[in-house]
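Engineer: Pasting a structure below so you can have a look.
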Amino acid sequence: MIKYALLFLFALTFCSLQAQVFKLTPKQEADINALIEKMTLDEKIGQLNLFTSDWDVTGPTLRAGYRDDVKAGKVGAIFNAHTAKYNRDLQRVAVEETRLGIPLLFGYDVIHGYRTIFPIPLAEASSWDTVMVQEAARIAARESSAAGLHWTFAPMVDVARDPRWGRVMEGSGEDVNLGSAMARARVRGFQGTDLADEATILACAKHFAAYGAAKAGRDYHTVDISDRVLRETYLPPFKAAMDAGAGTFMTSFNEVDGMPASGSRYLLTDILRKEWGYDGFVVTDYTSINEMVKHGVVANERQAAKLSIEAGVDMDMQGATFYDHMSALVTTGKVELKVVDQAVKRILRAKAALGLFEDPYRYSDEKRQKRYVLAPEHRTAAREAAGKSMVLLRNDKNILPLTTDKKVALVGPLAESQYDMIGAWHADGQGKEAISPLTGLKTVFPSLQHVSAADFKLDGTAKYLDNARIDAAVDAAKLADVIIACVGEKADMSGEAASRTMLELPGRQLELLRKLKATGKPLIVIVFTGRPLVLGEVAGLSDAMLLAWWPGTEAGNAIADVLTGEVNPSARLPMTFPRSLGQVPIHYDMKNTGRPMDADNKYSSKYLDGKNTPLYAFGYGLGYSKITYASPKVSKTTFSENENITFSISLQNNGDYKQRETVQFYYRDPIALRTRPVLQLLTWRQVDLAPGQVASVSITVKADDLTYLGPDGKTPTLESGRIELFAGPASDKLQKVEVNFNKTSN
């Protein structure tokens with residue numbers, strides 16, 4: 001694995017060379033310039049419009065008559081249209097029935113798979129395996145490109161620290177470096193090394209920026225953060241995505257510093273274009289230009305259209321503000337024509353990079369679609385990814401793995417679900433093609449007894465969970481060797497517009513678990529969710545607890561693999577799990593206070609009714625083997641700007657199973673000119689250990705890896721002094737060594 005801690009602070013603050021996202025030939029560039037010269041104002045404005053088809057719904061409104069708009073040259077891109085045949089027909093209208101024949105760009109929310117659905121992105125991040133994550137995105141690109149798509153609205157690279165926000169499922173969690181690594185992997189998976197390859201699609205880094213900091217975890221809510229927090233926490237994954245070649249960026253719904261993102265010149269021009277040198281194009285999120293009226297920064301949609309295009313927006317998703325108002329804005333001199341021309345050029349360059357001018361139908365190949373969509377090898381990869389993404393949270397007395405001769409009682413409201421296994425944002429995924437826990441477990445436990453959960457409701461609004469079903473589950477449990485209970489959220493309980501004020505198991509699921517525990521039989525709980533939940537009581541009731549997230553198309557088979565030990569769980573949490581909702585937001589890299597927690601001092605930073613510590617910390621996860629760590633070592637205890645330190649730790653597998661271990665490296669700068677977090681992730685290494693095997697894992701640490709933004713909020717800084725380095729299996733299970741940095745110049 002490459003080194004993840006990084007020079008991003010330098011990149012955030014100094015102008016880079018122009019980032020060549022689309023590497024076109026001189027002829028392609030000349031052809032685009034010539035095409036723009038031929039275009040009328042209305043044809044130019046048409047390229048700036050992205051409208052939805054009637055195939056799918058991903059927002060509150062639909063625009064009728066999109067086929068007429070295509071024929072009239074008033075739309076440059078369509079989303080929610082897919083399959084090779086359907087999109088070929090739309091492309092034919094654009095290419096053969098318009099004056100200039102400019103091809104359409106087709107986009108879709110291919111978030112964690114197109115038809116073969118992989119684990120949700122938060123689950124994939126739990127693997128800490130960037131190679132696997134890149135491969136999952138590559139397969140998604142292969143399938144979706146065969147189904148007529150050119151563009152995905154992914155990856156979501158928002159750092160998210162509030163589990164009330166439903167969209168945490170769509171990102172990579174709370175850490176900057178882990179999120180940046182996953183952003184790079186997904187962009188490279190979607191786009192490959194050459195966008196002209198027909199098996200690639202354009203990536204879109206979203207939501208620019210700081211959408212994950214929505215107040216109270218409420219979707220679409222406002223954001224209030226300092227510029228320091230913006231630059232140190234929320235921007236680095238976007239910079240990582242850009243450096244990996246992301247062809248497009250999407251604006252966020254929220255405001256930053258009093259300005260909605262779709263109207264923020266600071267974000268879209270000053271940072272993205274000028275500081276970073278980005279030359280891809282920027283699309284808004286669904287109707288976010290229109291929503292600036294309700295934000296209160298403009299009086300009407302015409303003003304919103306002007307504000308957004310001058311801020312740096314190139315394409316309006318679904319809002320039709322450019323469609324309705326841009327012509328008048330240009331002809332009256334309110335918006336300069338060169339601003340429109342620049343946006344058009346960026347969009348046309350993307351189409352050229354995809355090879356659409358040479359062959360507009362190259363992505364609409366029904367033979368390729370039939371060959372690759374839900375291909376057997378893709379399902380195999382999805383099964384492997386699901387197994388690598390499940391986090392073992394509890395395993396008392398090593399109850400897992402189970403031998404297949406066990407008499408199992410399978411109960412719970414999600415035990416037979418197929419649809420919920422593929423989770424939110426599942427593109428063209430079909431519930432009927434997913435493997436339920438019941439189907440997967442029946443293949444390995446011949447004597448499995450299942451109690452139907454048809455009446456187990458999860459809406460939490462009434463006293464549902466049929467008493468007869470609970471009684472039947474308990475009766476089955478009494479006759480079993482072991483109970484497996486499948487509980488959690490339904491698929492629509494996380495995702496966009498799915499914020500929650502309570503994070504406990506919904507409905508009467510806890511009541512079910514209490515009664516199952518009372519039988520005295522070993523209880524294995526499998527939790528399906530798109531976010532961290534409050535699981536304290538669940539953990540206390542369970543003998544083993546497996547966090548399966550929403551595992552995707554191969555869910556049931558992957559669960560069977562893990563429970564029987566065919567796959568040894570190796571995933572680690574990318575988000576902190578709180579003990580109670582009152583701790584939220586809680587994340588491992590918080591800053592200290594002037595009055596840190598002191599159990600003997602009432603007047604210190606703590607709760608009267610609970611602990612400060614989480615239930616499960618960032619980076620936590622168990623396996624079936626016992627891994628022991630020796631004390632970490634450094635190659636030297638003093639270093640300067642031009643010197644490196646080798647930081648290493650030895651570990652041994654003292655168990656009976658082969659184990660993949662994720663060795664985590666952290667640091668702390670205890671005294672700085674600006675306060676620093678109590679802990680920050682440097683990087684990690686994954687190592688496979690056979691029983692009895694010893695391995696030494698090391699990283700190289702440079703001064704650049706430890707810098708932070710100095711007093712001016714922009715300049716990377718590191719003063720002379722003590723640095724604490726940590727290594728271990730999780731953020732709360734670390735060993736420390738200290739080194740000293742000597743700055744040789746001022």
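Following the order of the structure tokens, first chain is A, next is B, and so on, with residues numbered from 1 inside each chain and ligands from 1 in the order they appear.
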Need the shell around Thr116 of chain A: protein/DNA/RNA residues with any atom at most 12 Å away, counting only C-alpha atoms. Skip same-chain ones fewer than 4 positions apart. Format as a compact mmCIF listing (two decimals) with all heavy atoms, in the first residue's frame?

Structural biologist:
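Output below, filename out15.txt:
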# COMPACT_ATOMS: atom_id res chain seq x y z
N VAL A 110 -24.07 5.84 -9.94
CA VAL A 110 -23.45 4.52 -9.78
C VAL A 110 -22.53 4.63 -8.58
O VAL A 110 -21.35 4.95 -8.71
CB VAL A 110 -22.70 4.11 -11.06
CG1 VAL A 110 -22.09 2.72 -10.90
CG2 VAL A 110 -23.62 4.15 -12.27
N ILE A 111 -23.07 4.39 -7.41
CA ILE A 111 -22.38 4.71 -6.16
C ILE A 111 -21.56 3.53 -5.65
O ILE A 111 -20.40 3.68 -5.27
CB ILE A 111 -23.38 5.17 -5.09
CG1 ILE A 111 -24.25 6.33 -5.61
CG2 ILE A 111 -22.65 5.57 -3.81
CD1 ILE A 111 -23.48 7.55 -6.03
N HIS A 112 -22.16 2.35 -5.59
CA HIS A 112 -21.41 1.15 -5.17
C HIS A 112 -21.81 -0.03 -6.03
O HIS A 112 -22.12 -1.12 -5.56
CB HIS A 112 -21.60 0.86 -3.68
CG HIS A 112 -23.03 0.78 -3.21
ND1 HIS A 112 -23.61 -0.39 -2.76
CD2 HIS A 112 -24.00 1.72 -3.11
CE1 HIS A 112 -24.86 -0.17 -2.39
NE2 HIS A 112 -25.12 1.10 -2.61
N ALA A 136 -13.63 -2.58 -7.19
CA ALA A 136 -15.08 -2.47 -7.14
C ALA A 136 -15.56 -1.34 -8.06
O ALA A 136 -16.54 -1.49 -8.79
CB ALA A 136 -15.55 -2.23 -5.71
N ALA A 137 -14.87 -0.21 -8.03
CA ALA A 137 -15.22 0.90 -8.91
C ALA A 137 -14.97 0.56 -10.37
O ALA A 137 -15.72 0.96 -11.26
CB ALA A 137 -14.44 2.16 -8.51
N ARG A 138 -13.91 -0.19 -10.63
CA ARG A 138 -13.61 -0.60 -12.01
C ARG A 138 -14.72 -1.49 -12.57
O ARG A 138 -15.14 -1.34 -13.72
CB ARG A 138 -12.26 -1.34 -12.06
CG ARG A 138 -11.76 -1.63 -13.47
CD ARG A 138 -10.49 -2.46 -13.44
NE ARG A 138 -10.73 -3.81 -12.97
CZ ARG A 138 -11.19 -4.80 -13.75
NH1 ARG A 138 -11.46 -4.58 -15.02
NH2 ARG A 138 -11.37 -6.01 -13.26
N ILE A 139 -15.22 -2.41 -11.75
CA ILE A 139 -16.30 -3.28 -12.18
C ILE A 139 -17.58 -2.47 -12.39
O ILE A 139 -18.31 -2.69 -13.37
CB ILE A 139 -16.51 -4.41 -11.15
CG1 ILE A 139 -15.34 -5.40 -11.23
CG2 ILE A 139 -17.84 -5.13 -11.38
CD1 ILE A 139 -15.33 -6.44 -10.14
N ALA A 140 -17.83 -1.52 -11.51
CA ALA A 140 -19.00 -0.65 -11.69
C ALA A 140 -18.90 0.13 -13.00
O ALA A 140 -19.89 0.30 -13.71
CB ALA A 140 -19.11 0.32 -10.51
N ALA A 141 -17.69 0.58 -13.33
CA ALA A 141 -17.49 1.30 -14.59
C ALA A 141 -17.69 0.38 -15.79
O ALA A 141 -18.29 0.77 -16.80
CB ALA A 141 -16.09 1.91 -14.62
N ARG A 142 -17.18 -0.84 -15.69
CA ARG A 142 -17.32 -1.78 -16.81
C ARG A 142 -18.80 -2.07 -17.09
O ARG A 142 -19.24 -2.09 -18.24
CB ARG A 142 -16.58 -3.08 -16.49
CG ARG A 142 -16.60 -4.09 -17.64
CD ARG A 142 -16.00 -5.42 -17.21
NE ARG A 142 -14.60 -5.28 -16.88
CZ ARG A 142 -13.98 -5.97 -15.94
NH1 ARG A 142 -14.65 -6.84 -15.20
NH2 ARG A 142 -12.70 -5.80 -15.72
N GLU A 143 -19.57 -2.29 -16.03
CA GLU A 143 -20.99 -2.59 -16.22
C GLU A 143 -21.77 -1.37 -16.72
O GLU A 143 -22.55 -1.47 -17.67
CB GLU A 143 -21.61 -3.09 -14.91
CG GLU A 143 -21.16 -4.48 -14.51
CD GLU A 143 -22.05 -5.09 -13.42
OE1 GLU A 143 -23.04 -4.44 -13.00
OE2 GLU A 143 -21.77 -6.22 -13.02
N SER A 144 -21.57 -0.24 -16.07
CA SER A 144 -22.37 0.93 -16.42
C SER A 144 -22.01 1.49 -17.79
O SER A 144 -22.89 1.95 -18.53
CB SER A 144 -22.23 2.01 -15.35
OG SER A 144 -20.88 2.37 -15.14
N TYR A 372 -21.32 -8.20 -19.62
CA TYR A 372 -20.70 -7.73 -18.39
C TYR A 372 -21.67 -7.45 -17.23
O TYR A 372 -21.27 -7.54 -16.07
CB TYR A 372 -19.87 -6.47 -18.66
CG TYR A 372 -18.61 -6.76 -19.42
CD1 TYR A 372 -18.39 -6.23 -20.68
CD2 TYR A 372 -17.63 -7.59 -18.87
CE1 TYR A 372 -17.23 -6.50 -21.38
CE2 TYR A 372 -16.46 -7.87 -19.57
CZ TYR A 372 -16.27 -7.33 -20.81
OH TYR A 372 -15.12 -7.62 -21.51
N VAL A 373 -22.90 -7.07 -17.51
CA VAL A 373 -23.81 -6.72 -16.42
C VAL A 373 -24.17 -7.97 -15.61
O VAL A 373 -24.66 -8.95 -16.15
CB VAL A 373 -25.07 -6.03 -16.96
CG1 VAL A 373 -26.12 -5.87 -15.87
CG2 VAL A 373 -24.70 -4.66 -17.53
N LEU A 374 -23.86 -7.93 -14.33
CA LEU A 374 -24.08 -9.04 -13.40
C LEU A 374 -23.31 -10.29 -13.83
O LEU A 374 -23.78 -11.42 -13.65
CB LEU A 374 -25.58 -9.34 -13.25
CG LEU A 374 -26.01 -9.98 -11.93
CD1 LEU A 374 -25.84 -9.01 -10.78
CD2 LEU A 374 -27.44 -10.46 -11.99
N ALA A 375 -22.13 -10.09 -14.38
CA ALA A 375 -21.30 -11.21 -14.81
C ALA A 375 -20.90 -12.05 -13.60
O ALA A 375 -20.73 -11.53 -12.49
CB ALA A 375 -20.05 -10.69 -15.52
N PRO A 376 -20.74 -13.36 -13.78
CA PRO A 376 -20.37 -14.22 -12.65
C PRO A 376 -19.11 -13.77 -11.93
O PRO A 376 -19.04 -13.82 -10.70
CB PRO A 376 -20.18 -15.59 -13.31
CG PRO A 376 -21.04 -15.55 -14.53
CD PRO A 376 -20.98 -14.12 -15.01
N GLU A 377 -18.10 -13.32 -12.68
CA GLU A 377 -16.87 -12.89 -12.03
C GLU A 377 -17.07 -11.61 -11.23
O GLU A 377 -16.36 -11.34 -10.25
CB GLU A 377 -15.74 -12.70 -13.06
CG GLU A 377 -15.96 -11.60 -14.09
CD GLU A 377 -16.64 -12.10 -15.37
OE1 GLU A 377 -17.39 -13.10 -15.28
OE2 GLU A 377 -16.42 -11.48 -16.42
N HIS A 378 -18.08 -10.81 -11.62
CA HIS A 378 -18.39 -9.61 -10.86
C HIS A 378 -19.05 -9.98 -9.54
O HIS A 378 -18.78 -9.37 -8.49
CB HIS A 378 -19.29 -8.67 -11.66
CG HIS A 378 -18.62 -8.10 -12.87
ND1 HIS A 378 -19.27 -7.29 -13.78
CD2 HIS A 378 -17.34 -8.21 -13.33
CE1 HIS A 378 -18.43 -6.93 -14.73
NE2 HIS A 378 -17.26 -7.49 -14.48
N ARG A 379 -19.92 -10.97 -9.59
CA ARG A 379 -20.56 -11.42 -8.35
C ARG A 379 -19.51 -12.02 -7.40
O ARG A 379 -19.58 -11.82 -6.17
CB ARG A 379 -21.65 -12.44 -8.64
CG ARG A 379 -22.84 -11.88 -9.42
CD ARG A 379 -24.03 -12.81 -9.41
NE ARG A 379 -24.64 -12.85 -8.09
CZ ARG A 379 -25.96 -12.81 -7.87
NH1 ARG A 379 -26.81 -12.71 -8.88
NH2 ARG A 379 -26.43 -12.86 -6.64
N THR A 380 -18.55 -12.72 -7.95
CA THR A 380 -17.48 -13.27 -7.13
C THR A 380 -16.71 -12.16 -6.43
O THR A 380 -16.39 -12.24 -5.24
CB THR A 380 -16.53 -14.12 -7.98
OG1 THR A 380 -17.26 -15.23 -8.53
CG2 THR A 380 -15.36 -14.64 -7.16
N ALA A 381 -16.40 -11.10 -7.18
CA ALA A 381 -15.68 -9.96 -6.60
C ALA A 381 -16.52 -9.26 -5.54
O ALA A 381 -16.00 -8.81 -4.51
CB ALA A 381 -15.29 -8.97 -7.70
N ALA A 382 -17.85 -9.15 -5.77
CA ALA A 382 -18.73 -8.53 -4.79
C ALA A 382 -18.78 -9.34 -3.50
O ALA A 382 -18.85 -8.78 -2.40
CB ALA A 382 -20.13 -8.36 -5.38
N ARG A 383 -18.77 -10.65 -3.63
CA ARG A 383 -18.77 -11.52 -2.45
C ARG A 383 -17.49 -11.34 -1.64
O ARG A 383 -17.52 -11.23 -0.40
CB ARG A 383 -18.92 -12.98 -2.90
CG ARG A 383 -18.95 -14.00 -1.77
CD ARG A 383 -19.28 -15.38 -2.34
NE ARG A 383 -19.32 -16.42 -1.30
CZ ARG A 383 -19.82 -17.64 -1.50
NH1 ARG A 383 -20.30 -17.96 -2.70
NH2 ARG A 383 -19.83 -18.52 -0.51
N ALA A 385 -15.56 -8.68 -1.64
CA ALA A 385 -15.57 -7.34 -1.06
C ALA A 385 -16.46 -7.28 0.17
O ALA A 385 -16.12 -6.64 1.17
CB ALA A 385 -16.05 -6.32 -2.10
N ILE A 422 -29.01 -4.68 -0.60
CA ILE A 422 -28.28 -3.85 -1.57
C ILE A 422 -28.24 -2.38 -1.14
O ILE A 422 -27.52 -1.59 -1.75
CB ILE A 422 -28.84 -4.00 -3.00
CG1 ILE A 422 -30.31 -3.60 -3.08
CG2 ILE A 422 -28.64 -5.43 -3.49
CD1 ILE A 422 -30.89 -3.68 -4.48
N HIS A 426 -28.52 2.16 -4.91
CA HIS A 426 -28.10 0.90 -5.52
C HIS A 426 -28.27 0.88 -7.03
O HIS A 426 -28.31 -0.20 -7.63
CB HIS A 426 -28.84 -0.27 -4.88
CG HIS A 426 -30.33 -0.13 -4.88
ND1 HIS A 426 -31.05 0.06 -3.73
CD2 HIS A 426 -31.24 -0.14 -5.88
CE1 HIS A 426 -32.34 0.16 -4.03
NE2 HIS A 426 -32.47 0.03 -5.34
N ALA A 427 -28.33 2.04 -7.65
CA ALA A 427 -28.33 2.15 -9.12
C ALA A 427 -29.36 1.20 -9.73
O ALA A 427 -30.52 1.22 -9.36
CB ALA A 427 -26.92 1.91 -9.67
N ASP A 428 -28.91 0.31 -10.64
CA ASP A 428 -29.83 -0.63 -11.29
C ASP A 428 -29.88 -1.96 -10.54
O ASP A 428 -30.35 -2.96 -11.08
CB ASP A 428 -29.37 -0.86 -12.74
CG ASP A 428 -30.45 -1.56 -13.58
OD1 ASP A 428 -31.64 -1.24 -13.41
OD2 ASP A 428 -30.10 -2.43 -14.39
N GLY A 429 -29.36 -1.98 -9.32
CA GLY A 429 -29.39 -3.21 -8.54
C GLY A 429 -30.80 -3.71 -8.31
O GLY A 429 -31.72 -2.92 -8.07
N GLN A 430 -30.97 -5.02 -8.37
CA GLN A 430 -32.29 -5.63 -8.22
C GLN A 430 -32.30 -6.50 -6.96
O GLN A 430 -31.48 -7.40 -6.82
CB GLN A 430 -32.59 -6.51 -9.44
CG GLN A 430 -32.45 -5.80 -10.77
CD GLN A 430 -33.51 -4.73 -10.97
OE1 GLN A 430 -34.70 -4.97 -10.78
NE2 GLN A 430 -33.07 -3.54 -11.35
N GLY A 431 -33.27 -6.20 -6.08
CA GLY A 431 -33.37 -6.99 -4.87
C GLY A 431 -33.54 -8.47 -5.14
O GLY A 431 -32.98 -9.31 -4.43
N LYS A 432 -34.26 -8.80 -6.18
CA LYS A 432 -34.52 -10.21 -6.49
C LYS A 432 -33.26 -10.97 -6.87
O LYS A 432 -33.23 -12.21 -6.85
CB LYS A 432 -35.55 -10.32 -7.61
CG LYS A 432 -35.09 -9.74 -8.94
CD LYS A 432 -36.20 -9.78 -9.98
CE LYS A 432 -35.73 -9.17 -11.31
NZ LYS A 432 -36.81 -9.17 -12.31
N GLU A 433 -32.20 -10.24 -7.24
CA GLU A 433 -30.94 -10.89 -7.61
C GLU A 433 -29.96 -10.98 -6.44
O GLU A 433 -28.88 -11.55 -6.58
CB GLU A 433 -30.29 -10.12 -8.77
CG GLU A 433 -31.12 -10.19 -10.04
CD GLU A 433 -30.67 -9.20 -11.11
OE1 GLU A 433 -29.89 -8.28 -10.80
OE2 GLU A 433 -31.11 -9.34 -12.27
N ALA A 434 -30.33 -10.40 -5.30
CA ALA A 434 -29.46 -10.41 -4.14
C ALA A 434 -29.65 -11.69 -3.33
O ALA A 434 -30.74 -12.28 -3.31
CB ALA A 434 -29.73 -9.19 -3.26
N ILE A 435 -28.61 -12.10 -2.66
CA ILE A 435 -28.64 -13.29 -1.81
C ILE A 435 -28.98 -12.86 -0.39
O ILE A 435 -28.23 -12.12 0.25
CB ILE A 435 -27.29 -14.02 -1.81
CG1 ILE A 435 -26.85 -14.34 -3.25
CG2 ILE A 435 -27.37 -15.29 -0.98
CD1 ILE A 435 -27.80 -15.23 -4.00
N PRO A 551 -24.40 -5.22 2.63
CA PRO A 551 -23.26 -5.86 1.97
C PRO A 551 -23.35 -5.98 0.46
O PRO A 551 -22.36 -6.31 -0.19
CB PRO A 551 -23.24 -7.26 2.60
CG PRO A 551 -24.24 -7.24 3.72
CD PRO A 551 -25.22 -6.17 3.37
N GLY A 552 -24.56 -5.78 -0.15
CA GLY A 552 -24.66 -5.85 -1.59
C GLY A 552 -25.26 -7.15 -2.11
O GLY A 552 -25.86 -7.94 -1.37
N THR A 553 -25.10 -7.37 -3.39
CA THR A 553 -25.75 -8.47 -4.10
C THR A 553 -25.42 -9.83 -3.49
O THR A 553 -26.27 -10.72 -3.42
CB THR A 553 -25.32 -8.45 -5.58
OG1 THR A 553 -25.69 -7.19 -6.16
CG2 THR A 553 -25.99 -9.56 -6.36
N GLU A 554 -24.20 -10.02 -3.04
CA GLU A 554 -23.76 -11.31 -2.51
C GLU A 554 -23.81 -11.36 -0.99
O GLU A 554 -23.07 -12.14 -0.36
CB GLU A 554 -22.35 -11.61 -3.01
CG GLU A 554 -22.29 -11.99 -4.47
CD GLU A 554 -22.90 -13.37 -4.74
OE1 GLU A 554 -22.58 -14.31 -4.00
OE2 GLU A 554 -23.72 -13.48 -5.67
N ALA A 555 -24.69 -10.61 -0.39
CA ALA A 555 -24.74 -10.47 1.07
C ALA A 555 -24.77 -11.80 1.80
O ALA A 555 -23.92 -12.09 2.66
CB ALA A 555 -25.96 -9.62 1.46

Engineer: Which residue gives the smallest distance to Leu149 of chain A among A:Lys206, A:Arg362, A:Arg164, A:Arg676, with only C-alpha atoms counted?

Structural biologist: A:Arg362

Engineer: Enter the distance from atom CA of Ala311 of chain A to atom CA of Ala261 of chain A, in Å, rounded to one decimal.

Structural biologist: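 Value for the atom CA of Ala311 of chain A-atom CA of Ala261 of chain A distance: 9.1 Å.
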
Engineer: Please identify the alpha helix (DSSP H) residues within segment 205-447 of chain A (assignment by DSSP from backbone atoms) and present them as number ranges by chain.

Structural biologist: A: 227-229, 236-243, 265, 292-295, 301-311, 321-331, 337-353, 366-372, 376-389, 437-442

Engineer: Quick one: distance from atom CA of Glu489 of chain A to atom CA of Pro413 of chain A in Å, one decimal?

Structural biologist: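 If I compute the distance from atom CA of Glu489 of chain A to atom CA of Pro413 of chain A, I get 9.4 Å.
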
Engineer: Hey, could you make a per-residue contact list for segment 488-536 of chain A against segment 172-189 of chain A with 12 Å as the cut-off, showing the nearest pair of atoms and its distance in Å to one decimal, counting only C-alpha atoms, sorted by chain and number, as JSON lines?

Structural biologist:
{"residue": "A:Gly530", "atom": "CA", "partner": "A:Gly173", "partner_atom": "CA", "distance": 11.2}
{"residue": "A:Arg531", "atom": "CA", "partner": "A:Gly173", "partner_atom": "CA", "distance": 9.4}
{"residue": "A:Pro532", "atom": "CA", "partner": "A:Gly173", "partner_atom": "CA", "distance": 9.9}

Engineer: How would the residues just chosen look if you wrote them out with N, CA and C atoms as a PDB file, in the first residue's frame?

Structural biologist:
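Output file selection_31.pdb follows:
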ATOM      1  N   GLY A 530     -26.593   1.517   7.477  1.00  0.00           N
ATOM      2  CA  GLY A 530     -25.812   2.411   6.635  1.00  0.00           C
ATOM      3  C   GLY A 530     -25.063   3.455   7.423  1.00  0.00           C
ATOM      4  N   ARG A 531     -25.082   3.336   8.750  1.00  0.00           N
ATOM      5  CA  ARG A 531     -24.478   4.356   9.616  1.00  0.00           C
ATOM      6  C   ARG A 531     -24.089   3.723  10.956  1.00  0.00           C
ATOM      7  N   PRO A 532     -23.251   4.382  11.732  1.00  0.00           N
ATOM      8  CA  PRO A 532     -23.038   3.930  13.104  1.00  0.00           C
ATOM      9  C   PRO A 532     -24.337   4.031  13.899  1.00  0.00           C
TER      10      PRO A 532
END

Engineer: Any idea what's packed within 7 Å of Gly623 of chain A, counting only C-alpha atoms, ignoring anything in its chain fewer than 4 positions away? Could you give it as a VMD selection string?

Structural biologist: chain A and resid 392 568 to 570 659

Engineer: If we count only C-alpha atoms and set the cut-off at 9 Å, which residues sit around Ala415 of chain A, ignoring sequence neighbours fewer than 2 positions away in its own chain? Please answer as a list in words.

Structural biologist: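 Surrounding residues, per the criterion: Leu410, Val411, Gly412, Pro413, Ser417, Gln418, Ser436, Pro437, Leu438, His450, Val451, Ser452, Ala453, Ile484, Ala485, Cys486 and Val487 of chain A.
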
Engineer: Residues as selected, C-alpha atoms, written as a PDB file, in the first residue's frame, can you do that?

Structural biologist:
ATOM      1  CA  LEU A 410     -32.243 -17.846  12.152  1.00  0.00           C
ATOM      2  CA  VAL A 411     -34.563 -15.024  13.212  1.00  0.00           C
ATOM      3  CA  GLY A 412     -35.016 -11.293  12.916  1.00  0.00           C
ATOM      4  CA  PRO A 413     -36.670  -8.806  10.571  1.00  0.00           C
ATOM      5  CA  SER A 417     -34.637  -9.684   3.020  1.00  0.00           C
ATOM      6  CA  GLN A 418     -33.081  -9.365  -0.411  1.00  0.00           C
ATOM      7  CA  SER A 436     -30.528 -12.954   1.473  1.00  0.00           C
ATOM      8  CA  PRO A 437     -28.975 -14.058   4.777  1.00  0.00           C
ATOM      9  CA  LEU A 438     -31.444 -16.950   4.801  1.00  0.00           C
ATOM     10  CA  HIS A 450     -35.891 -20.129  10.112  1.00  0.00           C
ATOM     11  CA  VAL A 451     -38.750 -18.153  11.595  1.00  0.00           C
ATOM     12  CA  SER A 452     -40.375 -15.929   8.981  1.00  0.00           C
ATOM     13  CA  ALA A 453     -40.188 -12.216   9.716  1.00  0.00           C
ATOM     14  CA  ILE A 484     -28.449 -15.878  14.618  1.00  0.00           C
ATOM     15  CA  ALA A 485     -30.521 -12.675  14.729  1.00  0.00           C
ATOM     16  CA  CYS A 486     -30.525 -10.327  11.730  1.00  0.00           C
ATOM     17  CA  VAL A 487     -31.415  -6.814  12.892  1.00  0.00           C
TER      18      VAL A 487
END
